[in-house]
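A.B. asks: Below you'll find the structure I mean.
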Amino acid sequence: MKYLITAITLISIGLIIYGLNLDGEQEAMANKFIGSGTLGLFLLAMPLFLIKASKGKKFKDYMLTDENVRKMQGKKPKKH
């Protein structure tokens with residue numbers, strides 16, 4: 001998975017750089033390369049990275065619940 005994310009990122013950055021280096025006569029084609037690279041980064045690489053990075057983590061630990069706020073403040077949790 002790490003290599004797939006790296007490959008998508010490098011290809012996307014390459015597309016953006018290539019699009020920026022095209023001549024002014026090929027503006028429509030340059031915009032397509034830049035747009036494709038941007039979509040690759042934000043619709044493919046970013047979600048795959050977030051899935052990989054969050055694997056095995058509990059979502060509840062990152063929510064701002066009353067219990068978690070009290071833990072951060074060093075207070076004892078309320079008993080119901």
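A note on labels: chains of the structure tokens are A, B, ... as shown, every chain counts residues from 1, and ligands are counted from 1 in their shown order.
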Which residues in chain A does DSSP call alpha helix (DSSP H)? List them as a PyMOL selection string.
C.D. replies: chain A and resi 2-21+27-39+46-54+66-73
A.B. asks: Could the residues in this selection be written to a file with N, CA and C atoms, as a compact mmCIF listing (two decimals), in the first residue's frame?
C.D. replies:
# COMPACT_ATOMS: atom_id res chain seq x y z
N LYS A 2 1.99 1.20 0.75
CA LYS A 2 2.88 2.36 0.83
C LYS A 2 3.44 2.71 -0.54
N TYR A 3 3.80 1.69 -1.31
CA TYR A 3 4.38 1.93 -2.64
C TYR A 3 3.34 2.45 -3.62
N LEU A 4 2.10 1.99 -3.48
CA LEU A 4 1.02 2.48 -4.33
C LEU A 4 0.76 3.96 -4.07
N ILE A 5 0.71 4.34 -2.80
CA ILE A 5 0.49 5.74 -2.44
C ILE A 5 1.64 6.60 -2.94
N THR A 6 2.87 6.12 -2.78
CA THR A 6 4.04 6.86 -3.25
C THR A 6 4.01 7.02 -4.76
N ALA A 7 3.65 5.96 -5.47
CA ALA A 7 3.60 6.01 -6.93
C ALA A 7 2.54 7.00 -7.41
N ILE A 8 1.36 6.95 -6.80
CA ILE A 8 0.29 7.88 -7.19
C ILE A 8 0.71 9.32 -6.92
N THR A 9 1.35 9.55 -5.79
CA THR A 9 1.80 10.90 -5.44
C THR A 9 2.84 11.40 -6.43
N LEU A 10 3.82 10.58 -6.74
CA LEU A 10 4.87 10.99 -7.69
C LEU A 10 4.32 11.23 -9.09
N ILE A 11 3.42 10.37 -9.54
CA ILE A 11 2.81 10.55 -10.86
C ILE A 11 2.00 11.83 -10.89
N SER A 12 1.24 12.09 -9.83
CA SER A 12 0.42 13.30 -9.77
C SER A 12 1.27 14.56 -9.77
N ILE A 13 2.34 14.56 -8.99
CA ILE A 13 3.24 15.71 -8.97
C ILE A 13 3.91 15.88 -10.33
N GLY A 14 4.27 14.76 -10.96
CA GLY A 14 4.85 14.82 -12.30
C GLY A 14 3.89 15.42 -13.31
N LEU A 15 2.63 15.05 -13.24
CA LEU A 15 1.62 15.61 -14.14
C LEU A 15 1.46 17.12 -13.94
N ILE A 16 1.46 17.53 -12.70
CA ILE A 16 1.32 18.97 -12.41
C ILE A 16 2.52 19.73 -12.95
N ILE A 17 3.71 19.23 -12.70
CA ILE A 17 4.93 19.90 -13.19
C ILE A 17 4.96 19.93 -14.71
N TYR A 18 4.59 18.80 -15.35
CA TYR A 18 4.55 18.76 -16.80
C TYR A 18 3.55 19.78 -17.35
N GLY A 19 2.38 19.87 -16.72
CA GLY A 19 1.37 20.83 -17.16
C GLY A 19 1.84 22.27 -17.01
N LEU A 20 2.59 22.54 -15.96
CA LEU A 20 3.11 23.89 -15.76
C LEU A 20 4.20 24.25 -16.76
N ASN A 21 4.88 23.25 -17.31
CA ASN A 21 5.98 23.50 -18.23
C ASN A 21 5.57 23.49 -19.70
N GLU A 27 -2.46 25.62 -23.85
CA GLU A 27 -3.03 25.94 -22.54
C GLU A 27 -4.11 24.95 -22.12
N ALA A 28 -4.95 24.53 -23.03
CA ALA A 28 -6.02 23.59 -22.70
C ALA A 28 -5.44 22.25 -22.25
N MET A 29 -4.40 21.79 -22.96
CA MET A 29 -3.76 20.53 -22.59
C MET A 29 -3.04 20.67 -21.24
N ALA A 30 -2.41 21.81 -21.01
CA ALA A 30 -1.71 22.05 -19.74
C ALA A 30 -2.70 22.01 -18.57
N ASN A 31 -3.85 22.62 -18.76
CA ASN A 31 -4.87 22.62 -17.70
C ASN A 31 -5.36 21.21 -17.39
N LYS A 32 -5.45 20.36 -18.42
CA LYS A 32 -5.86 18.96 -18.20
C LYS A 32 -4.83 18.20 -17.39
N PHE A 33 -3.55 18.42 -17.67
CA PHE A 33 -2.50 17.74 -16.91
C PHE A 33 -2.48 18.22 -15.46
N ILE A 34 -2.60 19.51 -15.27
CA ILE A 34 -2.59 20.06 -13.91
C ILE A 34 -3.82 19.57 -13.13
N GLY A 35 -4.96 19.57 -13.77
CA GLY A 35 -6.18 19.09 -13.12
C GLY A 35 -6.13 17.62 -12.80
N SER A 36 -5.58 16.82 -13.71
CA SER A 36 -5.45 15.37 -13.46
C SER A 36 -4.52 15.10 -12.29
N GLY A 37 -3.42 15.84 -12.25
CA GLY A 37 -2.49 15.67 -11.13
C GLY A 37 -3.11 16.04 -9.80
N THR A 38 -3.87 17.11 -9.80
CA THR A 38 -4.53 17.55 -8.57
C THR A 38 -5.58 16.54 -8.12
N LEU A 39 -6.36 16.04 -9.05
CA LEU A 39 -7.35 15.01 -8.72
C LEU A 39 -6.68 13.75 -8.19
N MET A 46 -4.56 10.98 -1.11
CA MET A 46 -4.93 11.42 0.23
C MET A 46 -5.85 10.43 0.94
N PRO A 47 -6.96 9.98 0.33
CA PRO A 47 -7.80 9.00 1.03
C PRO A 47 -7.08 7.68 1.32
N LEU A 48 -6.25 7.20 0.37
CA LEU A 48 -5.51 5.97 0.63
C LEU A 48 -4.54 6.15 1.80
N PHE A 49 -3.88 7.29 1.85
CA PHE A 49 -2.97 7.56 2.97
C PHE A 49 -3.73 7.61 4.29
N LEU A 50 -4.88 8.28 4.32
CA LEU A 50 -5.65 8.38 5.55
C LEU A 50 -6.16 7.02 6.00
N ILE A 51 -6.56 6.18 5.07
CA ILE A 51 -6.99 4.83 5.42
C ILE A 51 -5.84 4.05 6.02
N LYS A 52 -4.66 4.14 5.39
CA LYS A 52 -3.49 3.43 5.88
C LYS A 52 -3.05 3.94 7.25
N ALA A 53 -3.07 5.25 7.44
CA ALA A 53 -2.59 5.84 8.69
C ALA A 53 -3.56 5.61 9.85
N SER A 54 -4.85 5.48 9.57
CA SER A 54 -5.83 5.33 10.65
C SER A 54 -6.18 3.88 10.94
N ASP A 66 -17.32 14.80 26.44
CA ASP A 66 -17.14 15.38 27.77
C ASP A 66 -16.04 14.61 28.52
N GLU A 67 -16.04 13.31 28.36
CA GLU A 67 -15.04 12.47 29.04
C GLU A 67 -13.63 12.79 28.56
N ASN A 68 -13.43 12.93 27.26
CA ASN A 68 -12.11 13.23 26.73
C ASN A 68 -11.64 14.64 27.09
N VAL A 69 -12.57 15.60 27.11
CA VAL A 69 -12.21 16.97 27.50
C VAL A 69 -11.76 16.98 28.95
N ARG A 70 -12.46 16.26 29.82
CA ARG A 70 -12.06 16.19 31.23
C ARG A 70 -10.69 15.53 31.38
N LYS A 71 -10.40 14.51 30.58
CA LYS A 71 -9.07 13.88 30.62
C LYS A 71 -7.99 14.88 30.24
N MET A 72 -8.23 15.68 29.19
CA MET A 72 -7.24 16.65 28.75
C MET A 72 -7.01 17.73 29.80
N GLN A 73 -8.05 18.07 30.55
CA GLN A 73 -7.93 19.10 31.58
C GLN A 73 -7.37 18.55 32.88
A.B. asks: Between A:Gly40, A:Glu25, A:Ala45, A:Phe59, which has the minimum distance to Met1 in chain A (counting only C-alpha atoms)?
C.D. replies: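 For Met1 in chain A, the nearest of the candidates is A:Ala45.
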A.B. asks: Rounded to one decimal, what separation in Å do you get between CA of Lys57 in chain A and CA of Gly74 in chain A?
C.D. replies: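 Going from CA of Lys57 in chain A over to CA of Gly74 in chain A covers 22.8 Å.
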A.B. asks: Can you measure CA of Lys60 in chain A to CA of Leu41 in chain A for me? One decimal in Å is fine.
C.D. replies: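 Between CA of Lys60 in chain A and CA of Leu41 in chain A the gap works out to 27.7 Å.
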